[in-house]
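Asks: One file is attached below, input37.cif, containing mmCIF, C-alpha atoms.
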data_my_file
#
loop_
_atom_site.label_atom_id
_atom_site.label_comp_id
_atom_site.auth_asym_id
_atom_site.auth_seq_id
_atom_site.Cartn_x
_atom_site.Cartn_y
_atom_site.Cartn_z
CA ASN A 1 96.93 134.58 147.59
CA ALA A 2 100.17 136.57 147.53
CA GLY A 3 99.77 138.23 144.10
CA VAL A 4 103.18 139.66 143.13
CA THR A 5 106.07 139.05 145.52
CA GLN A 6 109.42 140.81 145.28
CA THR A 7 112.63 140.03 147.15
CA PRO A 8 114.58 141.58 148.69
CA LYS A 9 112.61 144.56 149.97
CA PHE A 10 115.75 146.53 150.86
CA GLN A 11 119.34 146.25 149.66
CA VAL A 12 122.50 148.33 149.97
CA LEU A 13 125.29 147.72 147.48
CA LYS A 14 128.70 149.17 146.82
CA THR A 15 129.55 150.45 143.36
CA GLY A 16 130.53 147.57 141.11
CA GLN A 17 128.75 144.85 143.07
CA SER A 18 126.14 142.68 141.41
CA MET A 19 122.75 141.52 142.57
CA THR A 20 119.49 140.01 141.36
CA LEU A 21 116.01 141.17 142.23
CA GLN A 22 113.48 138.36 142.25
CA CYS A 23 109.83 138.56 141.30
CA ALA A 24 107.22 135.82 141.49
CA GLN A 25 103.50 135.91 140.72
CA ASP A 26 100.70 133.48 141.44
CA MET A 27 98.11 135.17 139.21
CA ASN A 28 98.82 133.06 136.10
CA HIS A 29 99.42 136.19 134.02
CA ASN A 30 101.49 136.04 130.86
CA SER A 31 103.03 139.52 130.88
CA MET A 32 105.48 140.75 133.50
CA TYR A 33 107.32 144.06 133.86
CA TRP A 34 110.16 145.71 135.74
CA TYR A 35 109.91 149.44 136.47
CA ARG A 36 112.06 151.86 138.40
CA GLN A 37 110.61 154.81 140.27
CA ASP A 38 112.64 157.93 140.96
CA PRO A 39 111.50 161.25 142.46
CA GLY A 40 110.02 163.53 139.81
CA MET A 41 110.45 160.90 137.08
CA GLY A 42 107.40 158.76 137.63
CA LEU A 43 107.68 155.12 136.57
CA ARG A 44 110.09 154.11 133.84
CA LEU A 45 110.00 150.71 132.17
CA ILE A 46 113.27 148.78 132.30
CA TYR A 47 112.34 145.45 130.68
CA TYR A 48 109.22 143.47 130.07
CA SER A 49 108.24 139.93 129.15
CA ALA A 50 105.09 139.52 127.11
CA SER A 51 105.07 135.77 127.68
CA GLU A 52 107.23 132.95 128.98
CA GLY A 53 110.41 132.71 126.93
CA THR A 54 110.40 136.30 125.62
CA THR A 55 111.90 139.51 126.97
CA ASP A 56 112.16 143.00 125.50
CA LYS A 57 113.81 146.27 126.39
CA GLY A 58 111.85 149.16 127.77
CA GLU A 59 112.81 152.84 128.11
CA VAL A 60 115.86 152.46 130.36
CA PRO A 61 117.45 149.00 129.92
CA ASN A 62 121.13 149.97 130.12
CA GLY A 63 122.94 148.36 133.04
CA TYR A 64 120.28 145.68 133.56
CA ASN A 65 119.55 142.16 132.39
CA VAL A 66 116.46 140.02 132.90
CA SER A 67 115.46 136.38 132.90
CA ARG A 68 111.97 134.97 132.50
CA LEU A 69 112.66 131.73 134.29
CA ASN A 70 109.15 130.34 133.86
CA LYS A 71 105.63 131.72 133.77
CA ARG A 72 105.75 132.67 137.46
CA GLU A 73 109.19 134.23 137.80
CA PHE A 74 110.90 137.26 136.25
CA SER A 75 114.25 138.39 137.67
CA LEU A 76 116.20 141.61 137.19
CA ARG A 77 120.00 141.57 137.43
CA LEU A 78 122.43 144.41 137.96
CA GLU A 79 125.84 143.16 136.83
CA SER A 80 127.89 146.12 138.06
CA ALA A 81 125.86 148.49 140.20
CA ALA A 82 126.26 152.25 139.85
CA PRO A 83 124.99 155.07 142.11
CA SER A 84 122.61 156.09 139.29
CA GLN A 85 120.79 152.80 139.86
CA THR A 86 119.73 153.85 143.34
CA SER A 87 115.97 153.64 143.05
CA VAL A 88 112.83 151.80 144.01
CA TYR A 89 112.16 148.87 141.69
CA PHE A 90 108.71 147.48 141.04
CA CYS A 91 107.70 144.25 139.39
CA ALA A 92 104.23 144.04 137.87
CA THR A 93 102.00 141.66 135.95
CA ARG A 94 99.26 142.56 133.49
CA GLY A 95 95.68 141.38 133.91
CA VAL A 96 93.35 140.38 131.12
CA THR A 97 91.75 143.85 130.81
CA GLY A 98 95.06 145.69 130.78
CA GLU A 99 95.48 146.68 134.43
CA LEU A 100 98.79 146.14 136.20
CA PHE A 101 99.27 144.41 139.53
CA PHE A 102 102.36 145.61 141.38
CA GLY A 103 104.63 144.15 144.00
CA GLU A 104 105.51 146.17 147.09
CA GLY A 105 108.82 147.33 145.69
CA SER A 106 112.51 146.77 146.29
CA ARG A 107 114.46 149.74 147.62
CA LEU A 108 118.04 149.69 146.36
CA THR A 109 120.83 152.02 147.44
CA VAL A 110 124.18 151.96 145.63
CA LEU A 111 127.01 153.69 147.50
CA GLY B 1 104.38 158.28 120.59
CA ASN B 2 101.98 157.85 123.45
CA SER B 3 102.07 160.17 126.44
CA VAL B 4 100.17 161.02 129.61
CA THR B 5 100.21 164.46 131.19
CA GLN B 6 98.79 165.00 134.65
CA MET B 7 98.71 168.07 136.80
CA GLU B 8 101.81 168.59 138.85
CA GLY B 9 101.53 168.56 142.56
CA PRO B 10 101.71 168.70 145.33
CA VAL B 11 98.00 169.22 145.94
CA THR B 12 97.02 170.07 149.51
CA LEU B 13 93.38 170.04 150.59
CA SER B 14 91.37 170.14 153.77
CA GLU B 15 89.23 167.18 154.73
CA GLU B 16 85.84 167.12 152.95
CA ALA B 17 87.10 169.33 150.10
CA PHE B 18 86.41 168.53 146.45
CA LEU B 19 89.27 166.94 144.52
CA THR B 20 90.13 167.15 140.83
CA ILE B 21 93.36 165.86 139.36
CA ASN B 22 93.61 166.55 135.64
CA CYS B 23 94.92 163.98 133.19
CA THR B 24 95.19 164.27 129.41
CA TYR B 25 96.69 161.82 126.97
CA THR B 26 97.94 161.41 123.43
CA ALA B 27 97.77 158.01 121.81
CA THR B 28 97.63 156.43 118.38
CA GLY B 29 94.57 154.23 118.63
CA TYR B 30 92.00 153.56 121.34
CA PRO B 31 93.66 153.11 124.71
CA SER B 32 92.31 151.87 128.00
CA LEU B 33 92.75 154.42 130.78
CA PHE B 34 93.61 153.89 134.42
CA TRP B 35 94.14 155.67 137.71
CA TYR B 36 96.55 154.09 140.17
CA VAL B 37 97.17 155.10 143.79
CA GLN B 38 100.38 154.67 145.75
CA TYR B 39 100.31 154.96 149.54
CA PRO B 40 103.59 155.72 151.34
CA GLY B 41 106.01 152.80 151.26
CA GLU B 42 103.77 150.65 149.07
CA GLY B 43 103.43 149.62 145.45
CA LEU B 44 100.85 151.04 143.07
CA GLN B 45 97.27 149.79 143.29
CA LEU B 46 94.61 150.08 140.62
CA LEU B 47 92.02 152.66 141.70
CA LEU B 48 89.72 152.67 138.68
CA LYS B 49 89.70 152.12 134.93
CA ALA B 50 87.76 152.78 131.73
CA THR B 51 88.19 150.81 128.56
CA LYS B 52 86.24 152.86 125.98
CA ALA B 53 85.00 156.36 125.30
CA ASP B 54 82.30 157.72 127.66
CA ASP B 55 82.91 154.95 130.19
CA LYS B 56 82.99 156.10 133.81
CA GLY B 57 85.26 154.30 136.21
CA SER B 58 84.51 154.55 139.92
CA ASN B 59 85.83 153.17 143.19
CA LYS B 60 85.96 154.30 146.83
CA GLY B 61 84.15 157.54 145.98
CA PHE B 62 86.57 158.42 143.17
CA GLU B 63 85.32 158.82 139.60
CA ALA B 64 86.81 159.47 136.17
CA THR B 65 85.16 159.62 132.76
CA TYR B 66 86.90 158.67 129.52
CA ARG B 67 86.47 161.72 127.26
CA LYS B 68 87.67 160.95 123.75
CA GLU B 69 86.81 164.40 122.38
CA THR B 70 89.08 166.13 124.89
CA THR B 71 91.49 163.17 125.35
CA SER B 72 91.06 163.46 129.09
CA PHE B 73 90.47 161.23 132.12
CA HIS B 74 90.25 163.59 135.10
CA LEU B 75 90.03 162.10 138.58
CA GLU B 76 87.40 163.53 140.96
CA LYS B 77 86.16 162.94 144.47
CA GLY B 78 83.44 164.91 146.17
CA SER B 79 84.78 164.82 149.73
CA VAL B 80 88.35 163.76 150.45
CA GLN B 81 89.54 162.16 153.67
CA VAL B 82 92.92 162.19 155.38
CA SER B 83 93.29 158.55 154.37
CA ASP B 84 93.23 159.60 150.69
CA SER B 85 96.68 161.17 151.07
CA ALA B 86 98.80 159.38 148.48
CA VAL B 87 100.38 159.72 145.05
CA TYR B 88 97.97 159.30 142.12
CA PHE B 89 99.10 158.12 138.68
CA CYS B 90 97.17 158.35 135.44
CA ALA B 91 98.07 155.71 132.84
CA LEU B 92 97.08 154.37 129.45
CA SER B 93 97.38 150.94 127.90
CA LEU B 94 97.41 150.37 124.15
CA TYR B 95 97.54 147.10 122.28
CA GLY B 96 100.82 146.81 120.38
CA GLY B 97 100.33 143.56 118.47
CA GLY B 98 100.91 139.94 119.48
CA SER B 99 101.07 139.75 123.26
CA ASN B 100 102.42 143.28 123.59
CA TYR B 101 100.62 146.07 125.36
CA LYS B 102 102.26 149.48 125.60
CA LEU B 103 101.70 151.07 128.99
CA THR B 104 102.44 154.72 129.63
CA PHE B 105 102.29 156.44 133.03
CA GLY B 106 102.03 160.06 134.02
CA LYS B 107 104.57 161.36 136.53
CA GLY B 108 102.20 161.22 139.48
CA THR B 109 100.45 163.82 141.65
CA LEU B 110 101.04 163.94 145.39
CA LEU B 111 97.85 164.62 147.34
CA THR B 112 97.97 165.62 150.99
CA VAL B 113 94.71 165.96 152.91
CA ASN B 114 94.82 167.83 156.22
CA PRO B 115 92.31 167.27 159.04
#
Would you write the structure of this file as structure tokens?

Replies:
Amino acid sequence: NAGVTQTPKFQVLKTGQSMTLQCAQDMNHNSMYWYRQDPGMGLRLIYYSASEGTTDKGEVPNGYNVSRLNKREFSLRLESAAPSQTSVYFCATRGVTGELFFGEGSRLTVL
Amino acid sequence: GNSVTQMEGPVTLSEEAFLTINCTYTATGYPSLFWYVQYPGEGLQLLLKATKADDKGSNKGFEATYRKETTSFHLEKGSVQVSDSAVYFCALSLYGGGSNYKLTFGKGTLLTVNP
């Protein structure tokens, strides 16, 4: 039972390159989220998907796009990476009583 | 809007000391409240939760009581261990209509426990 799986775990990009972070869950949850975590800033919501087929912007969506491919998968795409997007990215799903289940994180460095 | 304020760290304690990490919230409505823990290099894990006023959440020796009158959810542990060293996040979840739940996190408190 893997829970929430993120790939890749580490990535280094050059400014202007693109990449997609993948997230898959086997918990049969409807809602999925992408957060970024930066020192002193806590967790900030980038995008979320309340259910399959829907996506909505969070606090900091600029520079990102998402796709809810099916109930299991929710990907985050950086079309043209910038140094300000250096961060740790977490995918999460929401359980029936409101708690979140997080992946282990994807550590992205943009040079 | 909704917000969560938790005490700023870092907090440094000796093993077997008493721990309190303060958390207060503002919310329109009746939120569920959570404490999450993040160990170095890992994602966040749910530590405990409370879904209504006066509920007490507990896990692994940690406790927190949902106090509606003071809008607080302070985390406590009677005797900390070195293995409790981590970052602790207070959070609230509020139903936003349809399938939407608004989740708000505090900025986290780093706890270091020395032997």

Asks: With the file shown as input, list the residues that the PyMOL selection byres ((chain B and resi 90) around 9) selects, as a PyMOL selection string.

Replies: chain B and resi 4-6+22-24+33-37+73-75+88-89+91-92+104-109

Asks: Might you pull out every residue within 7 Å of Thr86 (chain A), with only C-alpha atoms counted and same-chain residues fewer than 6 positions away left off, and present them as a PyMOL selection string?

Replies: chain A and resi 108-110

Asks: Okay, now the selection with C-alpha atoms, as a PDB file, in the coordinates of the input?

Replies:
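Done, and the output landed in result.pdb:
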ATOM      1  CA  LEU A 108     118.040 149.690 146.360  1.00  0.00           C
ATOM      2  CA  THR A 109     120.830 152.020 147.440  1.00  0.00           C
ATOM      3  CA  VAL A 110     124.180 151.960 145.630  1.00  0.00           C
TER       4      VAL A 110
END

Asks: May I ask for the distance between CA of Ser93 (chain B) and CA of Glu99 (chain A), given in Å to one decimal place?

Replies: 8.0 Å

Asks: Please return, as a PyMOL selection string, all residues of chain A lying within 10 Å of chain B when only C-alpha atoms are considered.

Replies: chain A and resi 30-31+37-45+48-51+56+58+88-92+94+97-107

Asks: Would you mind listing what lies within 10 Å of Gly53 (chain A) as an MDAnalysis selection string, with only C-alpha atoms counted and same-chain residues fewer than 3 positions away left out?

Replies: chainID A and resid 49:50 67:71

Asks: Which polymer residues have any atom within 6 Å of an atom of Val113 (chain B), counting all atoms listed in the file, with same-chain residues fewer than 6 positions away left out, as a PDB file with C-alpha atoms, in the frame of the given file?

Replies:
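Result written to out-v9.pdb:
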ATOM      1  CA  THR B  12      97.020 170.070 149.510  1.00  0.00           C
ATOM      2  CA  LEU B  13      93.380 170.040 150.590  1.00  0.00           C
ATOM      3  CA  SER B  14      91.370 170.140 153.770  1.00  0.00           C
ATOM      4  CA  GLU B  15      89.230 167.180 154.730  1.00  0.00           C
ATOM      5  CA  VAL B  82      92.920 162.190 155.380  1.00  0.00           C
ATOM      6  CA  SER B  85      96.680 161.170 151.070  1.00  0.00           C
TER       7      SER B  85
END

Asks: Can you tell me, as a compact mmCIF listing (two decimals) with C-alpha atoms, in the frame of the given file, what residues are no more than 12 Å from Pro83 (chain A) when counting all atoms listed in the file, ignoring any on the same chain fewer than 6 positions away?

Replies:
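Final output, selection-v5.txt:
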# COMPACT_ATOMS: atom_id res chain seq x y z
CA VAL A 12 122.50 148.33 149.97
CA LEU A 13 125.29 147.72 147.48
CA LYS A 14 128.70 149.17 146.82
CA THR A 15 129.55 150.45 143.36
CA GLY A 16 130.53 147.57 141.11
CA GLN A 17 128.75 144.85 143.07
CA GLY A 63 122.94 148.36 133.04
CA LEU A 108 118.04 149.69 146.36
CA THR A 109 120.83 152.02 147.44
CA VAL A 110 124.18 151.96 145.63
CA LEU A 111 127.01 153.69 147.50

Asks: Enter the distance from CA of Lys68 (chain B) to CA of Asp84 (chain B), in Å, rounded to one decimal.

Replies: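 Computing it gives 27.5 Å between the two atoms.
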
Asks: Rounded to one decimal, what separation in Å do you get between CA of Leu76 (chain A) and CA of Trp34 (chain A)?

Replies: 7.4 Å

Asks: Need to verify the contact set: Ser79 (chain B), 10 Å, all atoms listed in the file, exclusion of same-chain residues closer than 3 positions in sequence. Can you return it as a PyMOL selection string?

Replies: chain B and resi 14-19+61-62+76+84

Asks: Let me make sure I understand: among B:Arg67, B:Tyr25, B:Lys52, B:Thr112, which one has the smallest atom-to-atom distance to Pro40 (chain B) if we use only C-alpha atoms?

Replies: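 For Pro40 (chain B), the nearest of the given residues is B:Thr112.
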
Asks: Pick out the closest residue to Ser72 (chain B) from this set: B:Ala86, B:Val11, B:Ala27, B:Leu111. Count only C-alpha atoms.

Replies: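 Residue with the minimum atom-to-atom distance to Ser72 (chain B): B:Ala27.
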
Asks: Out of A:Asn62, A:Ser75, A:Thr55, A:Thr5, which residue has the shortest atom-to-atom distance to Gln22 (chain A) when counting all atoms listed in the file?

Replies: A:Ser75

Asks: Applied to this file, what does the PyMOL selection byres ((chain A and resi 20) around 6) return in terms of residues, put as a short mmCIF file (atom, residue, chain, number, x, y, z; two decimals) with C-alpha atoms, in the frame of the given file?

Replies:
data_model
loop_
_atom_site.label_atom_id
_atom_site.label_comp_id
_atom_site.auth_asym_id
_atom_site.auth_seq_id
_atom_site.Cartn_x
_atom_site.Cartn_y
_atom_site.Cartn_z
CA MET A 19 122.75 141.52 142.57
CA LEU A 21 116.01 141.17 142.23
CA LEU A 76 116.20 141.61 137.19
CA ARG A 77 120.00 141.57 137.43
#

Asks: Rebuild region 77-93 of chain B to N, CA and C atoms - output it as an mmCIF file, in the coordinates of the input, please.

Replies:
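The result, written out as part-v3.cif:
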data_model
loop_
_atom_site.group_PDB
_atom_site.id
_atom_site.type_symbol
_atom_site.label_atom_id
_atom_site.label_comp_id
_atom_site.auth_asym_id
_atom_site.auth_seq_id
_atom_site.Cartn_x
_atom_site.Cartn_y
_atom_site.Cartn_z
ATOM 1 N N LYS B 77 86.803 163.495 143.282
ATOM 2 C CA LYS B 77 86.160 162.940 144.470
ATOM 3 C C LYS B 77 85.467 164.079 145.182
ATOM 4 N N GLY B 78 84.241 163.837 145.604
ATOM 5 C CA GLY B 78 83.440 164.910 146.170
ATOM 6 C C GLY B 78 83.870 165.364 147.551
ATOM 7 N N SER B 79 84.438 164.470 148.346
ATOM 8 C CA SER B 79 84.780 164.820 149.730
ATOM 9 C C SER B 79 85.954 163.952 150.155
ATOM 10 N N VAL B 80 87.150 164.544 150.156
ATOM 11 C CA VAL B 80 88.350 163.760 150.450
ATOM 12 C C VAL B 80 88.517 163.557 151.953
ATOM 13 N N GLN B 81 89.227 162.488 152.289
ATOM 14 C CA GLN B 81 89.540 162.160 153.670
ATOM 15 C C GLN B 81 91.062 162.151 153.852
ATOM 16 N N VAL B 82 91.485 162.228 155.093
ATOM 17 C CA VAL B 82 92.920 162.190 155.380
ATOM 18 C C VAL B 82 93.545 160.919 154.815
ATOM 19 N N SER B 83 92.786 159.838 154.860
ATOM 20 C CA SER B 83 93.290 158.550 154.370
ATOM 21 C C SER B 83 93.482 158.509 152.851
ATOM 22 N N ASP B 84 93.011 159.527 152.137
ATOM 23 C CA ASP B 84 93.230 159.600 150.690
ATOM 24 C C ASP B 84 94.597 160.178 150.335
ATOM 25 N N SER B 85 95.342 160.624 151.314
ATOM 26 C CA SER B 85 96.680 161.170 151.070
ATOM 27 C C SER B 85 97.555 160.094 150.443
ATOM 28 N N ALA B 86 98.063 160.376 149.253
ATOM 29 C CA ALA B 86 98.800 159.380 148.480
ATOM 30 C C ALA B 86 99.296 160.046 147.196
ATOM 31 N N VAL B 87 100.007 159.271 146.391
ATOM 32 C CA VAL B 87 100.380 159.720 145.050
ATOM 33 C C VAL B 87 99.460 159.033 144.044
ATOM 34 N N TYR B 88 98.924 159.807 143.109
ATOM 35 C CA TYR B 88 97.970 159.300 142.120
ATOM 36 C C TYR B 88 98.613 159.354 140.733
ATOM 37 N N PHE B 89 98.514 158.239 140.015
ATOM 38 C CA PHE B 89 99.100 158.120 138.680
ATOM 39 C C PHE B 89 98.003 157.851 137.657
ATOM 40 N N CYS B 90 98.023 158.620 136.589
ATOM 41 C CA CYS B 90 97.170 158.350 135.440
ATOM 42 C C CYS B 90 97.989 157.514 134.447
ATOM 43 N N ALA B 91 97.335 156.590 133.751
ATOM 44 C CA ALA B 91 98.070 155.710 132.840
ATOM 45 C C ALA B 91 97.184 155.281 131.685
ATOM 46 N N LEU B 92 97.818 154.927 130.575
ATOM 47 C CA LEU B 92 97.080 154.370 129.450
ATOM 48 C C LEU B 92 97.733 153.075 128.999
ATOM 49 N N SER B 93 96.917 152.212 128.434
ATOM 50 C CA SER B 93 97.380 150.940 127.900
ATOM 51 C C SER B 93 96.865 150.804 126.473
#
